[in-house]
file model-v1.cif (mmCIF, C-alpha atoms)
data_coords
#
loop_
_atom_site.label_atom_id
_atom_site.label_comp_id
_atom_site.auth_asym_id
_atom_site.auth_seq_id
_atom_site.Cartn_x
_atom_site.Cartn_y
_atom_site.Cartn_z
CA MET E 918 -19.60 -19.93 -12.87
CA ASP E 919 -16.63 -17.90 -14.05
CA GLY E 920 -13.06 -18.86 -13.25
CA LEU E 921 -12.44 -16.43 -10.39
CA THR E 922 -15.63 -17.43 -8.62
CA ARG E 923 -14.71 -21.10 -8.91
CA THR E 924 -11.18 -20.50 -7.68
CA ILE E 925 -12.32 -18.68 -4.53
CA ALA E 926 -15.18 -21.10 -3.86
CA ALA E 927 -13.00 -24.18 -4.31
CA TYR E 928 -10.50 -22.87 -1.77
CA ALA E 929 -13.21 -21.87 0.71
CA SER E 930 -15.00 -25.21 0.49
CA SER E 931 -11.93 -27.44 0.78
CA PHE E 932 -9.45 -25.83 3.20
CA SER E 933 -8.84 -27.27 6.66
CA LEU E 934 -6.30 -26.42 9.31
CA ARG E 935 -4.33 -29.52 8.32
CA ASP E 936 -3.42 -27.64 5.14
CA ALA E 937 -1.60 -24.88 7.04
CA PRO E 938 1.94 -25.14 8.45
CA GLU E 939 2.58 -24.28 12.08
CA GLU E 940 3.81 -20.75 11.42
CA ILE E 941 0.58 -19.90 9.60
CA VAL E 942 -1.60 -21.27 12.41
CA ALA E 943 0.47 -19.40 15.00
CA GLY E 944 0.20 -16.21 12.94
CA ALA E 945 -3.57 -16.56 12.76
CA GLU E 946 -3.77 -17.03 16.55
CA ARG E 947 -1.56 -13.98 17.11
CA SER E 948 -3.72 -11.84 14.83
CA LEU E 949 -6.90 -13.12 16.49
CA VAL E 950 -5.59 -12.16 19.94
CA ASP E 951 -4.59 -8.74 18.59
CA THR E 952 -8.05 -8.25 17.05
CA LEU E 953 -9.94 -9.22 20.21
CA ALA E 954 -7.89 -6.69 22.17
CA CYS E 955 -8.91 -4.01 19.66
CA ALA E 956 -12.55 -5.08 19.90
CA ILE E 957 -12.68 -4.79 23.69
CA GLY E 958 -10.74 -1.53 23.52
CA GLY E 959 -13.34 -0.14 21.12
CA ARG E 960 -16.41 -1.61 22.83
CA ASP E 961 -17.84 1.73 23.93
CA CYS E 962 -17.72 3.55 20.60
CA GLU E 963 -20.98 5.15 19.54
CA VAL E 964 -21.51 2.99 16.44
CA ALA E 965 -21.11 -0.19 18.51
CA ARG E 966 -23.61 1.16 21.04
CA ILE E 967 -26.04 1.77 18.21
CA GLY E 968 -25.39 -1.73 16.91
CA ARG E 969 -26.08 -3.23 20.33
CA ARG E 970 -29.29 -1.22 20.65
CA LEU E 971 -30.51 -2.50 17.29
CA ALA E 972 -29.42 -6.04 18.16
CA GLU E 973 -31.20 -6.17 21.51
CA GLY E 974 -33.97 -8.74 21.59
CA GLN E 975 -33.41 -9.95 18.01
CA ALA E 976 -32.08 -13.43 18.74
CA THR E 977 -32.87 -16.08 16.13
CA ALA E 978 -33.23 -19.82 16.56
CA ARG E 979 -31.02 -20.45 13.53
CA TYR E 980 -27.51 -18.98 13.45
CA ALA E 981 -27.90 -17.07 16.71
CA GLY E 982 -25.26 -14.36 16.71
CA ARG E 983 -23.04 -13.18 19.53
CA VAL E 984 -21.57 -9.75 20.08
CA VAL E 985 -18.12 -9.92 21.66
CA GLY E 986 -18.45 -9.04 25.34
CA GLU E 987 -22.19 -9.80 25.49
CA ALA E 988 -23.99 -12.82 26.92
CA ALA E 989 -27.26 -12.46 25.01
CA ARG E 990 -27.64 -13.80 21.49
CA THR E 991 -28.98 -11.78 18.59
CA GLY E 992 -29.33 -11.88 14.81
CA PRO E 993 -26.08 -12.92 13.11
CA GLU E 994 -25.91 -9.93 10.77
CA LEU E 995 -26.21 -7.35 13.56
CA ALA E 996 -23.70 -9.28 15.66
CA ALA E 997 -21.23 -9.25 12.75
CA PHE E 998 -21.74 -5.53 12.16
CA THR E 999 -21.35 -4.62 15.84
CA ASN E 1000 -18.28 -6.81 16.34
CA THR E 1001 -16.49 -5.20 13.43
CA THR E 1002 -17.34 -1.66 14.50
CA MET E 1003 -15.76 -2.48 17.85
CA LEU E 1004 -12.55 -3.93 16.47
CA ARG E 1005 -12.20 -1.13 13.88
CA TYR E 1006 -12.91 1.86 16.11
CA LEU E 1007 -9.40 2.44 17.43
CA ASP E 1008 -7.82 1.82 14.01
CA PHE E 1009 -5.47 -0.50 15.87
CA ASN E 1010 -6.11 -3.87 14.17
CA ASP E 1011 -3.94 -5.61 11.58
CA THR E 1012 -3.56 -4.26 8.07
CA TRP E 1013 -2.09 -4.61 4.64
CA HIS E 1014 -1.90 -1.86 2.04
CA GLY E 1015 -5.48 -1.57 0.85
CA GLY E 1016 -7.41 -2.97 3.80
CA HIS E 1017 -7.67 -4.60 7.22
CA PRO E 1018 -8.15 -8.37 6.83
CA SER E 1019 -9.10 -8.83 10.49
CA ASP E 1020 -12.28 -6.83 9.87
CA LEU E 1021 -13.85 -10.09 8.66
CA LEU E 1022 -13.31 -11.68 12.06
CA GLY E 1023 -16.36 -9.78 13.29
CA GLY E 1024 -18.50 -12.12 11.20
CA LEU E 1025 -16.76 -15.30 12.27
CA LEU E 1026 -16.93 -14.42 15.95
CA ALA E 1027 -20.62 -13.62 15.52
CA ILE E 1028 -21.68 -17.13 14.48
CA ALA E 1029 -18.84 -19.55 15.33
CA GLU E 1030 -20.52 -20.67 18.55
CA ALA E 1031 -23.92 -21.05 16.89
CA VAL E 1032 -22.54 -23.53 14.36
CA GLY E 1033 -20.63 -25.50 17.00
CA ALA E 1034 -17.19 -24.57 15.74
CA ASP E 1035 -14.11 -25.51 17.72
CA GLY E 1036 -10.86 -23.58 17.73
CA GLU E 1037 -9.47 -25.36 14.69
CA ARG E 1038 -12.53 -24.59 12.58
CA LEU E 1039 -12.43 -20.94 13.61
CA LEU E 1040 -8.75 -20.60 12.69
CA ALA E 1041 -9.23 -22.43 9.39
CA ALA E 1042 -12.04 -20.06 8.43
CA GLN E 1043 -9.93 -17.07 9.50
CA ILE E 1044 -7.05 -18.20 7.31
CA VAL E 1045 -9.38 -18.69 4.33
CA GLY E 1046 -10.80 -15.21 4.81
CA TYR E 1047 -7.37 -13.60 5.08
CA GLU E 1048 -5.99 -15.45 2.05
CA VAL E 1049 -8.97 -14.47 -0.11
CA ALA E 1050 -9.15 -10.84 1.07
CA LEU E 1051 -5.42 -10.25 0.64
CA ARG E 1052 -5.42 -11.69 -2.87
CA VAL E 1053 -8.39 -9.57 -3.88
CA ILE E 1054 -6.76 -6.42 -2.46
CA ARG E 1055 -3.49 -7.12 -4.28
CA ALA E 1056 -5.05 -8.09 -7.61
CA THR E 1057 -7.85 -5.54 -8.00
CA LYS E 1058 -6.00 -2.45 -6.71
CA LEU E 1059 -9.43 -1.01 -5.98
CA ARG E 1060 -8.01 1.41 -3.45
CA GLU E 1061 -5.86 3.03 -6.11
CA ARG E 1062 -8.92 3.20 -8.38
CA GLY E 1063 -10.95 5.13 -5.82
CA TRP E 1064 -13.03 2.24 -4.42
CA ASP E 1065 -13.09 1.18 -0.80
CA GLN E 1066 -11.64 -1.84 0.97
CA GLY E 1067 -15.07 -3.23 1.82
CA PHE E 1068 -15.17 -5.16 -1.46
CA ALA E 1069 -12.27 -7.38 -0.38
CA ILE E 1070 -13.56 -7.66 3.19
CA GLY E 1071 -16.99 -8.72 1.96
CA LEU E 1072 -15.52 -11.44 -0.28
CA GLY E 1073 -13.14 -12.57 2.46
CA THR E 1074 -16.04 -12.79 4.90
CA ALA E 1075 -18.15 -14.80 2.45
CA ALA E 1076 -15.33 -17.26 1.83
CA ALA E 1077 -14.51 -17.54 5.54
CA VAL E 1078 -18.12 -18.12 6.60
CA ALA E 1079 -18.58 -20.65 3.77
CA ASN E 1080 -15.61 -22.56 5.17
CA LEU E 1081 -16.92 -22.29 8.74
CA LEU E 1082 -20.30 -23.66 7.67
CA GLY E 1083 -18.77 -26.42 5.59
CA LEU E 1084 -20.56 -25.34 2.41
CA SER E 1085 -20.15 -27.15 -0.89
CA LEU E 1086 -18.25 -25.60 -3.78
CA ASP E 1087 -21.51 -24.55 -5.47
CA GLN E 1088 -22.93 -23.00 -2.30
CA ALA E 1089 -19.67 -21.12 -1.64
CA ALA E 1090 -19.70 -19.89 -5.25
CA HIS E 1091 -23.18 -18.45 -4.84
CA ALA E 1092 -22.10 -16.71 -1.63
CA VAL E 1093 -19.09 -15.19 -3.41
CA ALA E 1094 -21.19 -14.13 -6.41
CA ILE E 1095 -23.92 -12.46 -4.36
CA THR E 1096 -21.32 -10.60 -2.31
CA ALA E 1097 -19.33 -9.51 -5.36
CA VAL E 1098 -22.19 -8.02 -7.36
CA ALA E 1099 -23.85 -6.28 -4.42
CA ASN E 1100 -20.94 -4.65 -2.60
CA VAL E 1101 -18.52 -2.32 -4.40
CA PRO E 1102 -18.24 0.64 -1.98
CA LEU E 1103 -16.96 4.14 -2.72
CA ARG E 1104 -13.78 5.40 -1.11
CA ALA E 1105 -15.47 8.70 -0.30
CA THR E 1106 -15.78 7.03 3.12
CA ARG E 1107 -12.14 7.98 3.80
CA ALA E 1108 -11.88 11.44 2.23
CA GLY E 1109 -12.24 14.93 3.65
CA LEU E 1110 -13.85 15.34 7.06
CA LEU E 1111 -14.12 11.74 8.24
CA SER E 1112 -17.32 10.58 9.89
CA MET E 1113 -18.40 7.67 12.07
CA TRP E 1114 -18.88 5.72 8.85
CA LYS E 1115 -15.09 5.46 8.47
CA GLY E 1116 -15.11 2.85 11.23
CA ALA E 1117 -18.38 1.26 10.16
CA ALA E 1118 -17.93 0.80 6.41
CA THR E 1119 -16.14 -2.54 6.59
CA ALA E 1120 -18.51 -3.64 9.36
CA TYR E 1121 -21.28 -3.15 6.82
CA ALA E 1122 -19.29 -5.14 4.26
CA CYS E 1123 -18.68 -7.93 6.78
CA ARG E 1124 -22.37 -8.00 7.65
CA ASN E 1125 -23.25 -8.22 3.95
CA GLY E 1126 -20.74 -11.00 3.27
CA LEU E 1127 -22.12 -13.00 6.18
CA PHE E 1128 -25.71 -12.45 5.08
CA ALA E 1129 -24.94 -13.44 1.49
CA THR E 1130 -23.37 -16.67 2.71
CA LEU E 1131 -26.32 -17.53 4.94
CA LEU E 1132 -28.60 -16.94 1.96
CA ALA E 1133 -26.47 -19.25 -0.17
CA ALA E 1134 -26.46 -21.88 2.59
CA GLU E 1135 -30.24 -21.85 2.49
CA GLY E 1136 -30.39 -22.20 -1.29
CA VAL E 1137 -30.32 -18.70 -2.79
CA THR E 1138 -28.33 -18.63 -6.03
CA GLY E 1139 -26.21 -15.78 -7.37
CA PRO E 1140 -25.06 -14.56 -10.80
CA ASP E 1141 -22.82 -17.07 -12.55
CA ARG E 1142 -20.21 -14.59 -13.89
CA PRO E 1143 -19.84 -11.77 -11.35
CA PHE E 1144 -16.22 -11.05 -12.25
CA GLU E 1145 -15.66 -12.02 -15.88
CA GLY E 1146 -19.12 -11.74 -17.43
CA ARG E 1147 -21.12 -8.93 -19.01
CA HIS E 1148 -21.37 -5.95 -16.64
CA GLY E 1149 -19.17 -7.82 -14.17
CA LEU E 1150 -16.27 -6.38 -12.18
CA TRP E 1151 -13.78 -6.75 -15.04
CA GLU E 1152 -15.95 -4.90 -17.54
CA GLN E 1153 -17.23 -2.21 -15.21
CA ILE E 1154 -14.21 -1.34 -13.05
CA THR E 1155 -10.95 -3.26 -13.06
CA GLY E 1156 -10.28 -4.97 -16.36
CA PRO E 1157 -9.01 -8.57 -16.30
CA PHE E 1158 -6.78 -9.69 -13.44
CA GLU E 1159 -5.61 -12.94 -11.88
CA LEU E 1160 -5.48 -13.87 -8.23
CA GLU E 1161 -2.16 -15.11 -6.93
CA PRO E 1162 -2.46 -18.91 -6.68
CA PHE E 1163 -3.51 -20.28 -3.31
CA ALA E 1164 -1.06 -22.39 -1.34
CA ASP E 1165 -2.76 -25.62 -2.41
CA ARG E 1166 -2.20 -24.69 -6.06
CA GLY E 1167 1.47 -23.81 -6.01
CA GLY E 1168 1.25 -20.43 -4.31
CA VAL E 1169 2.27 -19.27 -0.84
CA PHE E 1170 0.29 -18.15 2.18
CA LEU E 1171 -0.11 -14.37 2.30
CA LEU E 1172 -1.09 -14.20 5.98
CA PRO E 1173 2.54 -13.57 7.04
CA THR E 1174 2.54 -10.33 5.02
CA ILE E 1175 -0.04 -8.65 7.25
CA ARG E 1176 1.19 -5.91 9.53
CA LEU E 1177 0.19 -5.42 13.14
CA LYS E 1178 0.02 -1.98 14.68
CA TYR E 1179 2.21 -0.93 17.57
CA TRP E 1180 0.47 2.46 17.80
CA PRO E 1181 -3.32 3.10 17.58
CA VAL E 1182 -3.14 5.08 14.32
CA GLU E 1183 -3.67 4.56 10.60
CA TYR E 1184 -0.88 2.28 9.39
CA ASN E 1185 0.90 4.86 7.25
CA ALA E 1186 1.38 6.95 10.41
CA GLN E 1187 3.17 4.18 12.33
CA ALA E 1188 6.53 5.34 10.98
CA GLY E 1189 5.52 8.91 11.78
CA VAL E 1190 5.17 8.19 15.49
CA TRP E 1191 8.59 6.52 15.63
CA ALA E 1192 10.12 9.41 13.67
CA ALA E 1193 8.55 11.96 16.02
CA LEU E 1194 9.96 10.16 19.05
CA GLU E 1195 13.44 10.09 17.52
CA LEU E 1196 13.25 13.76 16.59
CA ARG E 1197 12.05 14.57 20.11
CA SER E 1198 15.21 12.97 21.52
CA ARG E 1199 17.45 15.02 19.25
CA MET E 1200 15.89 18.46 18.98
CA ARG E 1201 14.06 20.83 21.32
CA LEU E 1202 10.52 21.78 20.34
CA ALA E 1203 11.31 25.47 20.82
CA ASP E 1204 14.09 25.25 18.23
CA ILE E 1205 11.91 23.85 15.42
CA ALA E 1206 11.09 26.29 12.60
CA LYS E 1207 9.68 23.76 10.13
CA ILE E 1208 9.30 20.02 9.57
CA ASP E 1209 9.28 18.37 6.17
CA ILE E 1210 8.01 14.79 5.92
CA ALA E 1211 9.00 12.79 2.83
CA THR E 1212 6.98 9.64 2.29
CA TYR E 1213 5.28 7.42 -0.27
CA TRP E 1214 2.16 8.41 -2.21
CA SER E 1215 -0.34 6.52 -0.08
CA THR E 1216 0.72 8.29 3.11
CA TRP E 1217 0.59 11.69 1.46
CA HIS E 1218 -2.76 10.98 -0.18
CA GLU E 1219 -4.49 9.37 2.81
CA ILE E 1220 -3.25 11.36 5.79
CA GLY E 1221 -1.16 14.28 4.60
CA SER E 1222 -2.76 16.04 1.62
CA GLU E 1223 -6.15 17.48 2.60
CA PRO E 1224 -6.57 20.72 4.59
CA GLU E 1225 -8.87 18.93 7.07
CA LYS E 1226 -5.83 16.99 8.29
CA TRP E 1227 -4.28 20.21 9.64
CA ASP E 1228 -7.39 21.03 11.68
CA PRO E 1229 -9.10 17.74 12.66
CA LYS E 1230 -12.60 18.17 14.08
CA THR E 1231 -13.51 14.50 14.55
CA ARG E 1232 -11.74 11.54 16.08
CA GLU E 1233 -11.81 9.77 12.73
CA THR E 1234 -10.05 12.69 11.03
CA ALA E 1235 -7.47 12.96 13.80
CA ASP E 1236 -6.38 9.33 13.57
CA HIS E 1237 -5.99 9.85 9.81
CA SER E 1238 -4.03 13.09 10.16
CA LEU E 1239 -0.25 12.82 9.90
CA PRO E 1240 0.29 16.45 11.04
CA TYR E 1241 -1.78 15.84 14.17
CA ILE E 1242 -0.28 12.44 14.98
CA PHE E 1243 3.28 13.65 14.43
CA ALA E 1244 2.78 16.81 16.50
CA ARG E 1245 0.98 14.98 19.31
CA ALA E 1246 3.72 12.33 19.54
CA LEU E 1247 6.37 15.04 19.44
CA VAL E 1248 4.75 16.88 22.37
CA ASP E 1249 3.57 13.91 24.45
CA GLY E 1250 6.33 11.38 23.77
CA GLY E 1251 3.98 8.82 22.27
CA ILE E 1252 0.44 8.05 21.13
CA THR E 1253 -2.29 6.30 23.13
CA VAL E 1254 -5.98 5.74 22.59
CA ARG E 1255 -6.54 8.86 24.71
CA SER E 1256 -4.68 10.91 22.10
CA PHE E 1257 -7.89 10.91 20.09
CA ASP E 1258 -10.23 12.19 22.76
CA GLU E 1259 -11.87 15.45 21.73
CA ASP E 1260 -9.92 17.58 24.17
CA ALA E 1261 -6.69 16.22 22.68
CA TYR E 1262 -7.36 16.62 18.95
CA ALA E 1263 -9.12 19.99 19.47
CA ASP E 1264 -6.16 21.34 21.45
CA ALA E 1265 -5.58 24.82 19.99
CA SER E 1266 -2.06 24.97 21.41
CA LEU E 1267 -1.01 22.17 19.05
CA ARG E 1268 -2.08 24.01 15.86
CA PRO E 1269 1.03 26.24 15.55
CA LEU E 1270 3.29 23.17 15.63
CA MET E 1271 1.07 21.37 13.12
CA ALA E 1272 1.27 24.40 10.82
CA LYS E 1273 5.04 23.92 10.65
CA ILE E 1274 4.61 20.45 9.15
CA ALA E 1275 4.62 19.82 5.40
CA VAL E 1276 4.12 16.41 3.78
CA HIS E 1277 5.19 15.43 0.28
CA GLU E 1278 5.62 12.33 -1.83
CA ASP E 1279 9.20 11.24 -2.50
CA ALA E 1280 9.73 9.34 -5.75
CA GLU E 1281 12.50 7.11 -4.42
CA ILE E 1282 10.53 6.20 -1.31
CA GLU E 1283 7.46 5.49 -3.45
CA LYS E 1284 9.46 3.02 -5.58
CA GLN E 1285 10.12 0.87 -2.50
CA PHE E 1286 6.49 0.74 -1.34
CA PRO E 1287 4.60 -1.42 -0.36
CA ASP E 1288 7.35 -3.98 0.31
CA VAL E 1289 9.48 -1.46 2.19
CA VAL E 1290 8.01 1.38 4.24
CA VAL E 1291 10.20 4.49 4.58
CA MET E 1292 9.57 7.89 6.12
CA ARG E 1293 12.22 10.61 6.17
CA VAL E 1294 11.75 13.68 8.35
CA THR E 1295 13.85 16.82 8.01
CA ALA E 1296 13.45 19.32 10.84
CA THR E 1297 14.95 22.78 10.36
CA ALA E 1298 15.85 24.91 13.37
CA HIS E 1299 15.43 28.68 13.51
CA ASP E 1300 19.21 29.02 13.04
CA GLY E 1301 19.10 26.91 9.86
CA ARG E 1302 20.49 23.73 11.41
CA GLU E 1303 18.86 20.54 10.02
CA THR E 1304 18.12 17.27 11.80
CA VAL E 1305 17.19 14.28 9.62
CA VAL E 1306 15.38 11.20 10.92
CA GLU E 1307 14.60 8.18 8.75
CA VAL E 1308 12.40 5.24 9.78
CA VAL E 1309 12.36 2.02 7.74
CA ASN E 1310 9.80 -0.76 8.29
CA PRO E 1311 8.41 0.31 11.67
CA LYS E 1312 7.71 -2.30 14.33
CA GLY E 1313 4.77 -4.45 13.23
CA HIS E 1314 5.87 -4.53 9.59
CA ASP E 1315 6.17 -8.08 8.27
CA ARG E 1316 9.96 -7.60 8.04
CA ASN E 1317 10.06 -6.21 11.59
CA PRO E 1318 7.18 -8.13 13.19
CA MET E 1319 5.57 -7.77 16.57
CA THR E 1320 6.09 -10.91 18.64
CA LEU E 1321 3.42 -12.73 20.61
CA ASP E 1322 4.87 -11.03 23.70
CA ASP E 1323 4.35 -7.63 22.06
CA VAL E 1324 0.76 -8.59 21.27
CA ALA E 1325 0.26 -9.84 24.82
CA ILE E 1326 1.30 -6.43 26.19
CA LYS E 1327 -1.12 -4.76 23.79
CA PHE E 1328 -3.87 -7.22 24.78
CA ARG E 1329 -3.46 -6.55 28.48
CA SER E 1330 -3.30 -2.78 28.01
CA LEU E 1331 -6.64 -2.74 26.18
CA ILE E 1332 -8.49 -5.44 28.10
CA GLU E 1333 -7.42 -5.00 31.73
CA PRO E 1334 -9.37 -1.73 32.15
CA ALA E 1335 -12.54 -3.62 31.21
CA LEU E 1336 -11.96 -7.05 32.73
CA GLY E 1337 -9.30 -6.67 35.39
CA ALA E 1338 -5.84 -8.20 35.35
CA ALA E 1339 -6.79 -11.76 36.38
CA THR E 1340 -9.57 -12.22 33.83
CA ALA E 1341 -7.50 -10.56 31.11
CA ALA E 1342 -4.69 -13.02 31.81
CA SER E 1343 -7.08 -15.98 31.60
CA ALA E 1344 -8.57 -14.65 28.36
CA LEU E 1345 -5.12 -14.21 26.87
CA GLU E 1346 -4.13 -17.76 27.80
CA GLN E 1347 -7.25 -19.24 26.19
CA TRP E 1348 -7.26 -17.19 23.01
CA ALA E 1349 -3.50 -17.51 22.41
CA THR E 1350 -4.01 -21.30 22.20
CA ILE E 1351 -7.53 -21.32 20.80
CA ARG E 1352 -6.70 -24.15 18.38
CA ARG E 1353 -6.98 -26.53 21.36
CA ALA E 1354 -10.48 -25.42 22.29
CA ARG E 1355 -13.23 -27.98 21.67
CA THR E 1356 -15.84 -25.26 22.11
CA LEU E 1357 -15.49 -21.49 21.89
CA THR E 1358 -18.01 -20.64 24.60
CA PRO E 1359 -15.62 -20.54 27.61
CA ALA E 1360 -13.22 -18.23 25.78
CA MET E 1361 -16.07 -15.98 24.63
CA ASP E 1362 -17.57 -15.97 28.14
CA LEU E 1363 -14.30 -14.63 29.57
CA LEU E 1364 -14.87 -11.43 27.58
CA GLN E 1365 -18.44 -11.05 28.78
CA THR E 1366 -18.07 -8.31 31.36
CA ALA E 1367 -16.37 -5.97 28.90
CA THR E 1368 -19.42 -3.82 28.22
CA ARG E 1369 -20.62 -3.47 31.80
#
call {"tool": "encode", "arguments": {"input": "model-v1.cif", "output": "structure tokens"}}
result
Amino acid sequence: MDGLTRTIAAYASSFSLRDAPEEIVAGAERSLVDTLACAIGGRDCEVARIGRRLAEGQATARYAGRVVGEAARTGPELAAFTNTTMLRYLDFNDTWHGGHPSDLLGGLLAIAEAVGADGERLLAAQIVGYEVALRVIRATKLRERGWDQGFAIGLGTAAAVANLLGLSLDQAAHAVAITAVANVPLRATRAGLLSMWKGAATAYACRNGLFATLLAAEGVTGPDRPFEGRHGLWEQITGPFELEPFADRGGVFLLPTIRLKYWPVEYNAQAGVWAALELRSRMRLADIAKIDIATYWSTWHEIGSEPEKWDPKTRETADHSLPYIFARALVDGGITVRSFDEDAYADASLRPLMAKIAVHEDAEIEKQFPDVVVMRVTATAHDGRETVVEVVNPKGHDRNPMTLDDVAIKFRSLIEPALGAATAASALEQWATIRRARTLTPAMDLLQTATR
């Protein structure tokens, strides 16, 4: 096997929760709670409904999968796919520039019960998945090359599931190799008029990473040089790169660098919501002649450069439209999951305000990204007066983190409508301390009524 495959497989096959300091374990629990809230909040999306329809009656004796919120068991791959479509739908789960590491949790939650995992094993596998996915995102820069984040999510899922199953180094290597050569997705998923696939692409990658690992666990072998060999990733796409060393080899944990979302929008728009609220407090809507938003390249490219973003016709386009998000927050005083209902994003009365918004890349702001996130908004009144608002590292950024209390508020807001206040409180208590759980079934059962 090549060096990168061995490095990932060795980490996946050897890590245990004893290798993580308290702040890393607590961070994993916080992110898990945040992700489950997003999953229940997105339980009724159309892709998840389709996933549940396909999953119905497909339970397997080996590796029986579980869809979050459901009692019945199904095939592990469909459970993984459906779970991730749920947690991705609202675009509210954790992120780092280039991907959403918590997308891989859909696979772990699908089979953790079936393999008898306790809370510690689940968290250990989660940490492995995050550490692998984040390193792959940072090293490959596939997003900047026009490829989608599913590559990193697939590899993170494979490593995480290998750890959960207790696979050997060789088995984990085969899982990584199969996933790597079979899953390099196009970023066309997130361009132009966005479709339902925007929220399903990483679910597909998670499903594939899980399936590859189950194949490897049963003895299927993969290519020995998926990264460094002939026609491998280096030769075909990226050129040579190195992963940052894992914590057991002199590196540091990357999990603390993830960013949680305070608002249910694409991460680059988090600062936009805060800026809109500040502008709203300082300037009347009727006085605004134009709004100029200066930001870093990724924001401009992803949510502020295409004409579709000034006239969103799908939910997926709206939550990736900076003009829409900024204008909606400016008018409504905030953003909620209801801001992306069809009657909200199709609101014709909002289009004139959106037309006043221009977005451009600022070279100085770009130099600070991704370590520092800056958005500067200049609003010009009809009389020529200017109001400038600047947001730096919005709440949820790793240098301005959301606390467990913040996450608890988010959890209750998304789960109480489905479960009621009492059950939501019990679920929060169990999942916030899931490391103590000897079995995951009671905590999973608390979420069971979510789809009724």
call {"tool": "closest_atom_pairs", "arguments": {"input": "model-v1.cif", "of": "segment 994-1037 of chain E", "to": "segment 1048-1063 of chain E", "cutoff": "10 Å", "atoms": "only C-alpha atoms", "output": "Markdown table"}}
result
| residue | atom | partner | partner_atom | distance |
| --- | --- | --- | --- | --- |
| E:Thr1012 | CA | E:Leu1051 | CA | 9.7 |
| E:Trp1013 | CA | E:Leu1051 | CA | 7.7 |
| E:His1014 | CA | E:Ile1054 | CA | 8.0 |
| E:Gly1015 | CA | E:Arg1060 | CA | 5.8 |
| E:Gly1016 | CA | E:Ile1054 | CA | 7.2 |
| E:His1017 | CA | E:Ala1050 | CA | 8.9 |
| E:Pro1018 | CA | E:Ala1050 | CA | 6.3 |
| E:Ser1019 | CA | E:Ala1050 | CA | 9.6 |
| E:Leu1021 | CA | E:Ala1050 | CA | 9.0 |
call {"tool": "write_last_selection", "arguments": {"input": "model-v1.cif", "atoms": "C-alpha atoms", "output": "CSV table (one decimal), in the frame of the given file"}}
result
chain,number,residue,atom,x,y,z
E,1012,THR,CA,-3.6,-4.3,8.1
E,1013,TRP,CA,-2.1,-4.6,4.6
E,1014,HIS,CA,-1.9,-1.9,2.0
E,1015,GLY,CA,-5.5,-1.6,0.8
E,1016,GLY,CA,-7.4,-3.0,3.8
E,1017,HIS,CA,-7.7,-4.6,7.2
E,1018,PRO,CA,-8.2,-8.4,6.8
E,1019,SER,CA,-9.1,-8.8,10.5
E,1021,LEU,CA,-13.8,-10.1,8.7
call {"tool": "atom_distance", "arguments": {"input": "model-v1.cif", "atom1": "atom CA of Ala1090 of chain E", "atom2": "atom CA of Thr1002 of chain E"}}
result
27.0 Å
call {"tool": "residues_around", "arguments": {"input": "model-v1.cif", "residues": "Trp1151 of chain E", "least_positions_apart": "6", "cutoff": "12 Å", "atoms": "only C-alpha atoms", "output": "list in words"}}
result
Asp919, Leu921, Ala1056, Thr1057, Leu1059, Ala1097, Val1098, Arg1142, Pro1143, Phe1144, Glu1145, Pro1157, Phe1158 and Glu1159 of chain E
call {"tool": "residues_around", "arguments": {"input": "model-v1.cif", "residues": "Arg1201 of chain E", "least_positions_apart": "4", "cutoff": "12 Å", "atoms": "only C-alpha atoms", "output": "PyMOL selection string"}}
result
chain E and resi 1193-1197+1205-1206+1247-1248+1296-1299+1304
call {"tool": "write_last_selection", "arguments": {"input": "model-v1.cif", "atoms": "C-alpha atoms", "output": "PDB file, keeping the file's coordinate frame"}}
result
ATOM      1  CA  ALA E1193       8.550  11.960  16.020  1.00  0.00           C
ATOM      2  CA  LEU E1194       9.960  10.160  19.050  1.00  0.00           C
ATOM      3  CA  GLU E1195      13.440  10.090  17.520  1.00  0.00           C
ATOM      4  CA  LEU E1196      13.250  13.760  16.590  1.00  0.00           C
ATOM      5  CA  ARG E1197      12.050  14.570  20.110  1.00  0.00           C
ATOM      6  CA  ILE E1205      11.910  23.850  15.420  1.00  0.00           C
ATOM      7  CA  ALA E1206      11.090  26.290  12.600  1.00  0.00           C
ATOM      8  CA  LEU E1247       6.370  15.040  19.440  1.00  0.00           C
ATOM      9  CA  VAL E1248       4.750  16.880  22.370  1.00  0.00           C
ATOM     10  CA  ALA E1296      13.450  19.320  10.840  1.00  0.00           C
ATOM     11  CA  THR E1297      14.950  22.780  10.360  1.00  0.00           C
ATOM     12  CA  ALA E1298      15.850  24.910  13.370  1.00  0.00           C
ATOM     13  CA  HIS E1299      15.430  28.680  13.510  1.00  0.00           C
ATOM     14  CA  THR E1304      18.120  17.270  11.800  1.00  0.00           C
TER      15      THR E1304
END
call {"tool": "closest_residue", "arguments": {"input": "model-v1.cif", "among": "E:Thr1074, E:Thr952, E:Asn1125, E:Thr1340", "to": "Ala1099 of chain E", "atoms": "only C-alpha atoms"}}
result
E:Asn1125
call {"tool": "residues_around", "arguments": {"input": "model-v1.cif", "residues": "Thr1130 of chain E", "least_positions_apart": "4", "cutoff": "10 Å", "atoms": "all atoms listed in the file", "output": "list in words"}}
result
Leu1072, Thr1074, Ala1075, Ala1076, Ala1077, Val1078, Ala1079, Leu1082, Leu1084, Gln1088, Ala1089, Ala1090, His1091, Ala1092, Val1093, Ala1094, Ile1095, Thr1096, Asn1125, Gly1126, Ala1134, Glu1135, Gly1136 and Val1137 of chain E
call {"tool": "atom_distance", "arguments": {"input": "model-v1.cif", "atom1": "atom CA of Ala929 of chain E", "atom2": "atom CA of Gly1046 of chain E"}}
result
8.2 Å
